[in-house]
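Trainee: Just dropping this structure here.
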Amino acid sequence: MTAAPELELARACPYRPNAQHVRVRDAARPVRMRLPSGMPVWAVAGHRGIRAVLADDRFSADRQRQGFPFAVDGQPGAFRRTMISMDGAEHRAARSAVAGEFTVRRVRQLRPRIDRIVHECLDALLAGPKPADLVRALALPVPSRVICEQLGVPYSDHDFFQTRSTTMLLRTATAPQRLRAIDELLAALETLIAEKEAAPSEDLLGRQIRKGREDGEYRRTALVRMAFLLLVAGHETTANMISLGALNLAERPLLAAALRADPARAPLLVEELLRRFTIAEFIPTRVATEDVHLDGERIAAGEVVVLLCNAADHDPAVFPGPRRGARDHLAFGHGPHQCLGQQLARTELEIVYTALATRLPGLRAAVPARRLRFKTDAEIYGIHEFPVTW
Ligand code: HEM
């Protein structure tokens, strides 16, 4: 019997899925592969097949399960008891406890504040020297400041949180480095939340403490872990979409001009770029809890299914030209775990892309795109540094 091929984790081009993943997609059934670690997995790359897995409660998202790969390698305790790792009723309860903080209405209220943060970052960028690194000046601080303010984490600690969360998502970091980053993050959040217990503040964490106490269900450990998940999920992802979107605007001046002329185009552009980049492509991985038949294959209980979302989001049969901007892409996942922060992310991206097109009309990369360091070494795709001029 021939050995299963190794699944390639990197993409060669920001705009196109890995060619191997496209072949898996075209096979139109789950394909046996192995991870670079040697672990056998099923790879699924069809849009319909991925949605079927993500909506099926016979597949578990529990990252504590033996052998659950990727973002949790070497991070056994990190996601324990956070909603992203829970199944069924336990997941529903954890998600609904905080879902009210991320509704369309709630995010609309945050809009003026997000707008101010974006323009403050751009003021500083424009006042500084050229070329400048757009990642440091804009892509990282915007979502980081937004989520810190929302949670009630002092922004003065943002560098601390930023460096730790980047380390925990780097494939090149060793397991001890990742674990240390996680432990430091959890310890800092524990201290902060203990302080807030004495005088609950008017922010997400303060509200969770008050609500938890009213319901008689407050547990500090659970809140520390929730804060950890929101902090990490809330800025790494959006930051990468900001830098990739800025690259796109810099490479397509006509697109930037169209957005400048008509900012109402922003939501469509955001949706299109979310789909084209599908940056969190390996995050929605699942383990079968019982035998499941999918497109002619039997996935046995205990087997891991890796969902190649970027290849699915580039399927011309699903996303032909006229359907561009459709919201049924997989950039935010699908099913019960579909991204809780998606309205917040969309709003941040709309504001940032419009502000870039308007305030930096001459935006361009200061180095050729082939010299940029793309995050082929991280769980979430993006650019490490993006030197720009204008
Ligand atoms: C879940 C992507 C921004 C919070 C997810 C999932 C994906 C994703 C693919 C599904 C994971 C799974 O099925 O296992 C993204 C992308 C973002 C983004 C591409 C930015 C462009 C945010 C923001 C927040 C956030 C701003 C907010 C604070 C979460 C949370 C979950 C999640 C809490 C877990 C939901 C659950 O398990 O029910 N995200 N995300 N994300 N995201 Fe996001």
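In the structure tokens, chains take letters A, B, ... by order of appearance, with residues numbered from 1 within each chain and ligands from 1 in the order shown.
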Dump the neighbourhood of ligand 1 as a PyMOL selection string: all residues within 8 Å, distances computed on only C-alpha atoms and all ligand atoms.
Mentor: chain A and resi 54+61+82-86+91-92+95+102+143+147+226+229-241+274+278-286+330-346+349
Trainee: Compile the contact shell of Ala12 of chain A as a PyMOL selection string: residues with an atom at most 12 Å away, counting only C-alpha atoms, same-chain residues fewer than 6 positions apart removed.
Mentor: chain A and resi 18-21+370+373-377+381
Trainee: For the selection you just gave me, I'd like the residues written to a file as a PDB file, in the first residue's frame, keeping C-alpha atoms.
Mentor:
ATOM      1  CA  ASN A  18      -2.039  25.636  -2.709  1.00  0.00           C
ATOM      2  CA  ALA A  19      -2.115  23.554  -5.930  1.00  0.00           C
ATOM      3  CA  GLN A  20      -2.210  20.301  -3.942  1.00  0.00           C
ATOM      4  CA  HIS A  21      -5.333  21.505  -2.117  1.00  0.00           C
ATOM      5  CA  ARG A 370       8.233  38.843  -3.995  1.00  0.00           C
ATOM      6  CA  ARG A 373       7.734  37.723   4.120  1.00  0.00           C
ATOM      7  CA  PHE A 374       4.340  36.058   3.929  1.00  0.00           C
ATOM      8  CA  LYS A 375       3.196  34.038   6.937  1.00  0.00           C
ATOM      9  CA  THR A 376       3.609  30.611   5.425  1.00  0.00           C
ATOM     10  CA  ASP A 377       4.981  29.602   8.844  1.00  0.00           C
ATOM     11  CA  TYR A 381      -1.865  33.557   6.913  1.00  0.00           C
TER      12      TYR A 381
END
Trainee: Return as a Markdown table the residues of segment 228-251 of chain A lying at most 12 Å from segment 353-358 of chain A, together with the closest atom-to-atom pair for each and the distance in Å to one decimal, counting only C-alpha atoms, with rows in chain order and ascending residue number.
Mentor:
| residue | atom | partner | partner_atom | distance |
| --- | --- | --- | --- | --- |
| A:Met241 | CA | A:Tyr353 | CA | 10.1 |
| A:Ile242 | CA | A:Tyr353 | CA | 7.6 |
| A:Ser243 | CA | A:Tyr353 | CA | 9.9 |
| A:Leu244 | CA | A:Tyr353 | CA | 10.5 |
| A:Gly245 | CA | A:Tyr353 | CA | 7.1 |
| A:Ala246 | CA | A:Tyr353 | CA | 7.0 |
| A:Leu247 | CA | A:Tyr353 | CA | 10.5 |
| A:Asn248 | CA | A:Tyr353 | CA | 9.9 |
| A:Leu249 | CA | A:Ala357 | CA | 7.4 |
| A:Ala250 | CA | A:Ala357 | CA | 9.0 |
| A:Glu251 | CA | A:Ala357 | CA | 12.0 |
Trainee: Hey, can you spit out that residue selection with C-alpha atoms as an mmCIF file, in the first residue's frame?
Mentor:
data_model
loop_
_atom_site.group_PDB
_atom_site.id
_atom_site.type_symbol
_atom_site.label_atom_id
_atom_site.label_comp_id
_atom_site.auth_asym_id
_atom_site.auth_seq_id
_atom_site.Cartn_x
_atom_site.Cartn_y
_atom_site.Cartn_z
ATOM 1 C CA MET A 241 -6.581 40.800 6.830
ATOM 2 C CA ILE A 242 -5.652 44.479 7.170
ATOM 3 C CA SER A 243 -2.122 43.964 5.833
ATOM 4 C CA LEU A 244 -3.231 41.655 2.997
ATOM 5 C CA GLY A 245 -6.056 44.055 2.070
ATOM 6 C CA ALA A 246 -3.617 46.972 2.077
ATOM 7 C CA LEU A 247 -1.331 45.010 -0.249
ATOM 8 C CA ASN A 248 -4.280 44.462 -2.539
ATOM 9 C CA LEU A 249 -5.159 48.168 -2.575
ATOM 10 C CA ALA A 250 -1.505 49.096 -3.198
ATOM 11 C CA GLU A 251 -1.324 46.679 -6.137
#
Trainee: If I take atom CA of Glu217 of chain A and atom CA of Ala89 of chain A, how far is one from the other in Å, to one decimal?
Mentor: 16.2 Å
Trainee: Which one of A:Pro5, A:Val41, A:Cys309, A:Val388 sits closest to Leu126 of chain A if you count only C-alpha atoms?
Mentor: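 Distance minimum relative to Leu126 of chain A lands on A:Val388.
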Trainee: Excluding same-chain residues fewer than 2 positions from Val292 of chain A, what lies within 10 Å of it counting only C-alpha atoms, as a CSV table (one decimal) with C-alpha atoms, in the first residue's frame?
Mentor:
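Once written, selection16.csv looks like this:
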chain,number,residue,atom,x,y,z
A,53,VAL,CA,-18.6,18.5,8.3
A,56,ASP,CA,-22.5,17.9,11.7
A,58,ARG,CA,-20.8,13.9,14.9
A,59,PHE,CA,-17.6,15.9,14.4
A,288,ALA,CA,-15.1,12.3,14.1
A,289,THR,CA,-16.8,11.0,17.3
A,290,GLU,CA,-18.5,8.2,15.4
A,294,LEU,CA,-19.0,11.4,3.5
A,295,ASP,CA,-18.9,11.5,-0.3
A,297,GLU,CA,-15.6,7.4,2.1
A,298,ARG,CA,-16.0,6.2,5.6
A,299,ILE,CA,-14.4,8.5,8.2
A,300,ALA,CA,-14.0,6.3,11.3
A,301,ALA,CA,-14.5,7.5,14.9
Trainee: By how many Å are atom CA of Val367 of chain A and atom CA of Ala256 of chain A apart?
Mentor: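 Atom CA of Ala256 of chain A lies 19.2 Å from atom CA of Val367 of chain A.
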Trainee: Between atom CA of Thr389 of chain A and atom CA of Ala366 of chain A, what is the spacing in Å?
Mentor: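 So the answer is 5.6 Å.
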Trainee: Hey, what's within 6 Å of Val287 of chain A if we count only C-alpha atoms and toss same-chain stuff fewer than 4 positions away? As a ChimeraX atom specification, please?
Mentor: /A:59-60,302-305
Trainee: Write the residues of the preceding selection, restricted to N, CA and C atoms, as a PDB file, in the first residue's frame.
Mentor:
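Everything below was put into selection_30.pdb:
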ATOM      1  N   PHE A  59     -18.986  15.478  14.432  1.00  0.00           N
ATOM      2  CA  PHE A  59     -17.586  15.925  14.397  1.00  0.00           C
ATOM      3  C   PHE A  59     -17.361  16.875  15.566  1.00  0.00           C
ATOM      4  N   SER A  60     -16.276  16.639  16.301  1.00  0.00           N
ATOM      5  CA  SER A  60     -16.001  17.429  17.496  1.00  0.00           C
ATOM      6  C   SER A  60     -14.941  18.494  17.228  1.00  0.00           C
ATOM      7  N   GLY A 302     -12.756   8.895  15.728  1.00  0.00           N
ATOM      8  CA  GLY A 302     -11.391   9.180  16.194  1.00  0.00           C
ATOM      9  C   GLY A 302     -10.492   9.747  15.114  1.00  0.00           C
ATOM     10  N   GLU A 303     -10.933   9.698  13.839  1.00  0.00           N
ATOM     11  CA  GLU A 303     -10.075  10.220  12.766  1.00  0.00           C
ATOM     12  C   GLU A 303     -10.240  11.735  12.620  1.00  0.00           C
ATOM     13  N   VAL A 304      -9.120  12.354  12.223  1.00  0.00           N
ATOM     14  CA  VAL A 304      -9.071  13.816  12.120  1.00  0.00           C
ATOM     15  C   VAL A 304      -9.430  14.245  10.699  1.00  0.00           C
ATOM     16  N   VAL A 305     -10.238  15.297  10.583  1.00  0.00           N
ATOM     17  CA  VAL A 305     -10.592  15.828   9.267  1.00  0.00           C
ATOM     18  C   VAL A 305     -10.049  17.257   9.167  1.00  0.00           C
TER      19      VAL A 305
END
